[in-house]
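Next comes protein_20.txt, with compact mmCIF, C-alpha atoms.
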# COMPACT_ATOMS: atom_id res chain seq x y z
CA ALA A 1 -44.89 -82.94 -102.62
CA GLN A 2 -41.52 -81.29 -103.04
CA SER A 3 -40.18 -79.34 -100.09
CA VAL A 4 -37.01 -77.99 -98.56
CA ALA A 5 -36.21 -77.29 -94.95
CA GLN A 6 -33.67 -74.85 -93.57
CA PRO A 7 -33.49 -75.74 -89.88
CA GLU A 8 -31.62 -72.61 -88.77
CA ASP A 9 -33.14 -69.13 -88.78
CA GLN A 10 -29.70 -67.62 -88.26
CA VAL A 11 -26.07 -68.69 -88.46
CA ASN A 12 -23.32 -66.66 -86.79
CA VAL A 13 -19.68 -67.06 -87.76
CA ALA A 14 -16.51 -65.06 -87.33
CA GLU A 15 -14.71 -63.70 -90.38
CA GLY A 16 -12.10 -66.13 -91.63
CA ASN A 17 -13.84 -69.17 -90.19
CA PRO A 18 -15.58 -71.79 -92.32
CA LEU A 19 -19.34 -71.54 -92.64
CA THR A 20 -22.13 -74.02 -93.27
CA VAL A 21 -25.77 -73.25 -93.98
CA LYS A 22 -27.94 -76.34 -93.80
CA CYS A 23 -30.65 -77.54 -96.16
CA THR A 24 -32.57 -80.79 -96.37
CA TYR A 25 -35.00 -81.71 -99.09
CA SER A 26 -37.89 -83.99 -99.83
CA VAL A 27 -38.64 -84.86 -103.45
CA SER A 28 -39.93 -87.73 -105.48
CA GLY A 29 -37.37 -88.77 -108.05
CA ASN A 30 -34.07 -87.05 -108.68
CA PRO A 31 -33.71 -83.67 -107.04
CA TYR A 32 -32.66 -80.46 -108.75
CA LEU A 33 -31.34 -78.21 -105.99
CA PHE A 34 -30.38 -74.56 -105.85
CA TRP A 35 -28.95 -71.94 -103.52
CA TYR A 36 -29.82 -68.26 -103.78
CA VAL A 37 -28.62 -65.28 -101.74
CA GLN A 38 -30.52 -62.08 -100.94
CA TYR A 39 -28.69 -58.96 -99.87
CA PRO A 40 -30.61 -56.12 -98.17
CA ASN A 41 -32.99 -54.30 -100.52
CA ARG A 42 -32.04 -56.61 -103.37
CA GLY A 43 -33.69 -59.50 -105.17
CA LEU A 44 -32.48 -63.07 -104.92
CA GLN A 45 -29.25 -63.89 -106.72
CA PHE A 46 -28.36 -67.34 -108.00
CA LEU A 47 -25.33 -68.95 -106.32
CA LEU A 48 -25.17 -72.52 -107.56
CA LYS A 49 -27.18 -75.57 -108.55
CA TYR A 50 -26.98 -79.35 -108.49
CA ILE A 51 -28.49 -81.22 -111.39
CA THR A 52 -26.39 -84.37 -111.69
CA GLY A 53 -22.79 -85.52 -111.52
CA ASP A 54 -20.20 -84.53 -108.93
CA ASN A 55 -21.68 -84.23 -105.45
CA LEU A 56 -19.60 -81.14 -104.71
CA VAL A 57 -20.85 -78.15 -106.64
CA LYS A 58 -18.90 -74.91 -106.86
CA GLY A 59 -20.63 -71.58 -107.31
CA SER A 60 -20.24 -67.83 -107.13
CA TYR A 61 -18.26 -65.86 -104.54
CA GLY A 62 -16.30 -68.93 -103.36
CA PHE A 63 -19.37 -70.85 -102.18
CA GLU A 64 -19.83 -74.55 -102.69
CA ALA A 65 -22.49 -77.07 -101.75
CA GLU A 66 -22.37 -80.78 -101.10
CA PHE A 67 -25.17 -83.02 -102.29
CA ASN A 68 -25.74 -86.03 -100.02
CA LYS A 69 -28.39 -88.36 -101.33
CA SER A 70 -28.46 -90.71 -98.33
CA GLN A 71 -29.02 -87.80 -95.94
CA THR A 72 -31.19 -85.85 -98.42
CA SER A 73 -29.10 -82.78 -97.72
CA PHE A 74 -27.59 -79.97 -99.76
CA HIS A 75 -25.57 -77.86 -97.34
CA LEU A 76 -23.95 -74.62 -98.45
CA LYS A 77 -20.32 -74.12 -97.43
CA LYS A 78 -17.47 -71.68 -97.68
CA PRO A 79 -13.95 -72.30 -96.34
CA SER A 80 -13.38 -68.75 -95.11
CA ALA A 81 -16.25 -66.36 -94.40
CA LEU A 82 -16.21 -62.64 -95.23
CA VAL A 83 -18.20 -59.90 -93.53
CA SER A 84 -19.67 -59.15 -96.96
CA ASP A 85 -21.19 -62.66 -97.02
CA SER A 86 -23.73 -61.51 -94.44
CA ALA A 87 -27.10 -61.97 -96.14
CA LEU A 88 -30.21 -64.14 -96.33
CA TYR A 89 -29.65 -67.52 -97.98
CA PHE A 90 -32.35 -69.62 -99.59
CA CYS A 91 -32.28 -73.26 -100.57
CA ALA A 92 -34.68 -74.32 -103.33
CA VAL A 93 -35.82 -77.43 -105.17
CA SER A 94 -37.45 -77.57 -108.57
CA PHE A 95 -40.82 -79.16 -109.17
CA GLY A 96 -43.68 -79.26 -111.59
CA TRP A 97 -42.44 -81.51 -114.35
CA ALA A 98 -45.73 -83.26 -114.91
CA GLU A 99 -47.53 -80.02 -115.60
CA GLY A 100 -45.22 -79.18 -118.49
CA TYR A 101 -43.44 -76.41 -116.69
CA SER A 102 -41.21 -76.23 -113.65
CA THR A 103 -40.34 -73.63 -111.10
CA LEU A 104 -38.77 -73.56 -107.67
CA THR A 105 -40.04 -74.04 -104.17
CA PHE A 106 -37.93 -72.24 -101.59
CA GLY A 107 -37.07 -72.76 -97.97
CA LYS A 108 -37.80 -70.01 -95.46
CA GLY A 109 -34.25 -68.73 -95.58
CA THR A 110 -31.30 -68.60 -93.19
CA MET A 111 -29.74 -65.32 -92.14
CA LEU A 112 -25.95 -65.52 -92.15
CA LEU A 113 -24.15 -62.99 -89.96
CA VAL A 114 -20.37 -62.78 -90.25
CA SER A 115 -18.69 -60.77 -87.51
CA PRO A 116 -15.38 -58.94 -88.02
CA GLU B 1 -31.13 -51.09 -117.62
CA THR B 2 -30.04 -54.66 -117.21
CA GLY B 3 -31.54 -57.73 -115.58
CA VAL B 4 -34.96 -57.50 -113.98
CA THR B 5 -36.34 -54.16 -112.81
CA GLN B 6 -39.37 -53.45 -110.66
CA THR B 7 -41.30 -50.26 -109.98
CA PRO B 8 -42.17 -48.81 -107.62
CA ARG B 9 -39.66 -49.98 -105.03
CA HIS B 10 -41.94 -48.95 -102.18
CA LEU B 11 -45.72 -48.58 -102.10
CA VAL B 12 -48.11 -47.62 -99.33
CA MET B 13 -51.80 -48.00 -100.06
CA GLY B 14 -55.10 -48.02 -98.28
CA MET B 15 -57.46 -50.95 -98.33
CA THR B 16 -59.74 -49.28 -100.86
CA ASN B 17 -57.04 -48.16 -103.29
CA LYS B 18 -56.16 -49.60 -106.67
CA LYS B 19 -52.51 -49.75 -107.62
CA SER B 20 -50.24 -51.70 -109.97
CA LEU B 21 -46.77 -53.16 -109.69
CA LYS B 22 -44.59 -53.28 -112.78
CA CYS B 23 -41.81 -55.67 -113.71
CA GLU B 24 -39.59 -55.53 -116.78
CA GLN B 25 -36.91 -57.99 -117.80
CA HIS B 26 -34.10 -57.11 -120.20
CA LEU B 27 -32.75 -60.65 -120.56
CA GLY B 28 -34.74 -61.92 -123.53
CA HIS B 29 -36.46 -64.50 -121.35
CA ASN B 30 -39.80 -66.11 -122.14
CA ALA B 31 -41.14 -66.89 -118.66
CA MET B 32 -41.97 -64.53 -115.82
CA TYR B 33 -43.12 -65.04 -112.24
CA TRP B 34 -44.59 -63.21 -109.27
CA TYR B 35 -43.59 -64.23 -105.74
CA LYS B 36 -44.67 -62.96 -102.32
CA GLN B 37 -42.03 -62.77 -99.62
CA SER B 38 -43.23 -62.40 -96.03
CA ALA B 39 -40.98 -62.31 -93.00
CA LYS B 40 -39.77 -65.73 -91.83
CA LYS B 41 -41.89 -67.57 -94.39
CA PRO B 42 -40.85 -69.35 -97.57
CA LEU B 43 -41.29 -67.48 -100.80
CA GLU B 44 -44.79 -68.03 -102.11
CA LEU B 45 -45.20 -68.51 -105.84
CA MET B 46 -48.20 -66.52 -107.03
CA PHE B 47 -48.27 -66.59 -110.82
CA VAL B 48 -46.30 -68.08 -113.70
CA TYR B 49 -46.42 -66.81 -117.28
CA SER B 50 -44.83 -68.41 -120.32
CA LEU B 51 -44.89 -66.51 -123.62
CA GLU B 52 -47.58 -64.22 -122.18
CA GLU B 53 -49.81 -67.16 -121.27
CA ARG B 54 -50.61 -67.84 -117.64
CA VAL B 55 -49.59 -71.40 -116.76
CA GLU B 56 -50.03 -71.28 -113.00
CA ASN B 57 -52.26 -69.43 -110.60
CA ASN B 58 -51.22 -70.72 -107.23
CA SER B 59 -54.56 -70.22 -105.44
CA VAL B 60 -54.08 -66.48 -105.16
CA PRO B 61 -57.02 -64.30 -104.04
CA SER B 62 -58.77 -62.42 -106.82
CA ARG B 63 -57.76 -59.07 -105.32
CA PHE B 64 -54.43 -59.77 -107.07
CA SER B 65 -54.74 -59.64 -110.85
CA PRO B 66 -51.72 -60.29 -113.08
CA GLU B 67 -51.21 -59.06 -116.62
CA CYS B 68 -48.49 -60.04 -119.08
CA PRO B 69 -48.83 -57.98 -122.28
CA ASN B 70 -45.56 -59.29 -123.76
CA SER B 71 -42.64 -61.46 -122.73
CA SER B 72 -40.71 -58.50 -121.31
CA HIS B 73 -43.36 -56.96 -119.07
CA LEU B 74 -45.40 -58.24 -116.17
CA PHE B 75 -47.87 -56.35 -114.02
CA LEU B 76 -49.63 -57.12 -110.77
CA HIS B 77 -52.83 -55.13 -110.31
CA LEU B 78 -53.94 -54.67 -106.73
CA HIS B 79 -57.37 -53.75 -105.39
CA THR B 80 -59.11 -53.90 -102.02
CA LEU B 81 -56.09 -55.42 -100.34
CA GLN B 82 -55.89 -56.47 -96.71
CA PRO B 83 -53.17 -55.55 -94.17
CA GLU B 84 -51.91 -59.14 -94.25
CA ASP B 85 -51.03 -58.59 -97.91
CA SER B 86 -48.19 -56.33 -96.81
CA ALA B 87 -44.99 -58.00 -98.02
CA LEU B 88 -42.14 -57.82 -100.51
CA TYR B 89 -43.37 -58.74 -103.98
CA LEU B 90 -40.67 -60.20 -106.18
CA CYS B 91 -40.70 -60.60 -109.92
CA ALA B 92 -38.49 -63.17 -111.64
CA SER B 93 -37.79 -64.37 -115.14
CA SER B 94 -36.19 -67.42 -116.73
CA GLN B 95 -35.21 -68.53 -120.19
CA ASP B 96 -38.33 -70.62 -120.51
CA LYS B 97 -40.97 -72.24 -118.36
CA MET B 98 -38.64 -75.07 -117.36
CA ALA B 99 -36.83 -73.03 -114.72
CA GLY B 100 -35.23 -75.37 -112.24
CA TYR B 101 -34.45 -77.94 -114.87
CA TYR B 102 -31.57 -76.47 -116.82
CA ASN B 103 -31.90 -72.77 -116.23
CA GLU B 104 -32.26 -70.60 -113.16
CA GLN B 105 -34.53 -67.71 -112.26
CA PHE B 106 -33.36 -64.11 -112.20
CA PHE B 107 -35.04 -61.87 -109.64
CA GLY B 108 -35.82 -58.18 -109.48
CA PRO B 109 -35.22 -56.13 -106.31
CA GLY B 110 -38.86 -56.30 -105.28
CA THR B 111 -41.59 -53.87 -104.32
CA ARG B 112 -42.11 -53.35 -100.60
CA LEU B 113 -45.89 -53.07 -100.19
CA THR B 114 -47.57 -51.76 -97.06
CA VAL B 115 -51.35 -51.93 -96.78
CA LEU B 116 -52.86 -49.64 -94.17

Using the file provided, produce a representation of the structure as structure tokens.
Amino acid sequence: AQSVAQPEDQVNVAEGNPLTVKCTYSVSGNPYLFWYVQYPNRGLQFLLKYITGDNLVKGSYGFEAEFNKSQTSFHLKKPSALVSDSALYFCAVSFGWAEGYSTLTFGKGTMLLVSP
Amino acid sequence: ETGVTQTPRHLVMGMTNKKSLKCEQHLGHNAMYWYKQSAKKPLELMFVYSLEERVENNSVPSRFSPECPNSSHLFLHLHTLQPEDSALYLCASSQDKMAGYYNEQFFGPGTRLTVL
């Protein structure tokens, strides 16, 4: 079965410092991986995805993620954090090909808190 | 209105009430989804519709009844709910039922449901 794990409930970082939000996955076959962000009282917003190709994927708001097949990881990164980046971040993997449709299974989320 | 909208944003209901959640997408998508988001738990996929046809019912109790009259609208009818059903209910849409393959899901802001 497909699954993702986000080992940290919360990540704290000071503004201006680099940030990393961790995600590991378990899939059969090639993974299709996603990051979403949820701001308070808002729905999830798509940040970036890895389908194939370059292991470093760039997304919205200056975020990027590195796909590492040997470590089955897809960590989200940003070189310099902003207070406005404070939100709940979800890693997701797609599944369901055999049934003729696919959707996403999500991790439990990691709260990112950026202090001024 | 743009994107995915959901009404109401907040709902409080008793265990014997009947209520409905509404979702509307203005993106011209053909697939729609209901998710349940509980605190510190992964998002739970409840239902998937493609071109108004249900393609997935993820073992959801019958007290939740979905309806998809057309590709732009999705309802979740609620009756005789339990307190543990209190959660944020998110609606999402995607270009087609292969979300996670080459297209991502777009989420509404959710309905915060409290069952007393």

Taking only C-alpha atoms into account, produce a table as a tab-separated table in which each residue of chain A with an atom at most 8 Å from an atom of chain B appears once, together with its shortest atom pair and the distance in Å to one decimal, ordered by chain and rising number.
residue	atom	partner	partner_atom	distance
A:Tyr32	CA	B:Gly100	CA	6.7
A:Leu33	CA	B:Gly100	CA	7.9
A:Asn41	CA	B:Pro109	CA	6.5
A:Arg42	CA	B:Pro109	CA	4.4
A:Gly43	CA	B:Pro109	CA	3.9
A:Leu44	CA	B:Phe107	CA	5.5
A:Gln45	CA	B:Phe107	CA	6.8
A:Phe46	CA	B:Glu104	CA	7.2
A:Ile51	CA	B:Tyr101	CA	7.6
A:Val93	CA	B:Gly100	CA	7.4
A:Ser94	CA	B:Gly100	CA	4.8
A:Phe95	CA	B:Gly100	CA	7.4
A:Gly100	CA	B:Met98	CA	7.8
A:Tyr101	CA	B:Met98	CA	5.0
A:Ser102	CA	B:Met98	CA	4.7
A:Thr103	CA	B:Ala99	CA	5.1
A:Leu104	CA	B:Gly100	CA	6.1
A:Thr105	CA	B:Leu43	CA	7.5
A:Phe106	CA	B:Pro42	CA	5.7
A:Gly107	CA	B:Pro42	CA	5.1
A:Lys108	CA	B:Pro42	CA	3.8
A:Gly109	CA	B:Pro42	CA	6.9

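For the pair atom CA of Met46 of chain B and atom CA of Lys22 of chain A, the separation is 26.1 Å.
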
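Nearest residue to Pro116 of chain A, choosing from A:Leu19, A:Leu88, A:Val27, A:Leu82 and counting only C-alpha atoms: A:Leu82.
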
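Using only C-alpha atoms, the nearest neighbour of Gln25 of chain B within the list B:Asn57, B:Thr80, B:Thr2, B:Gln95 is B:Thr2.
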
### Message
As an exercise, work out the distance from atom CA of Met32 of chain B to atom CA of Val37 of chain A in Å and give it to one decimal place.
### Response
19.4 Å

### Message
Env of segment 1-11 of chain A: 6 Å cut, atoms = all atoms listed in the file, seq-sep filter 5 positions within chain, self excluded. Answer as number ranges by chain.
### Response
A: 22-27, 107, 110-112

### Task
Neighbourhood query: residues within 9 Å of (-19.2, -82.3, -104.6), file coordinates, counting only C-alpha atoms; return as a VMD selection string.
chain A and resid 53 to 58 64 to 68

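Between atom CA of Glu24 of chain B and atom CA of Ser60 of chain A there is a distance of 24.9 Å.
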
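In terms of minimum interatomic distance to Gly29 of chain A, A:Lys69 ranks closest within A:Ala81, A:Ser86, A:Lys69, A:Ser115, counting all atoms listed in the file.
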
### Query
Which polymer residues have any atom within 9 Å of an atom of Val83 of chain A, counting all atoms listed in the file, with same-chain residues fewer than 6 positions away left out, as a list of chain:residue names?
A:Ala14, A:Glu15, A:Gly16, A:Leu113, A:Val114, A:Ser115, A:Pro116
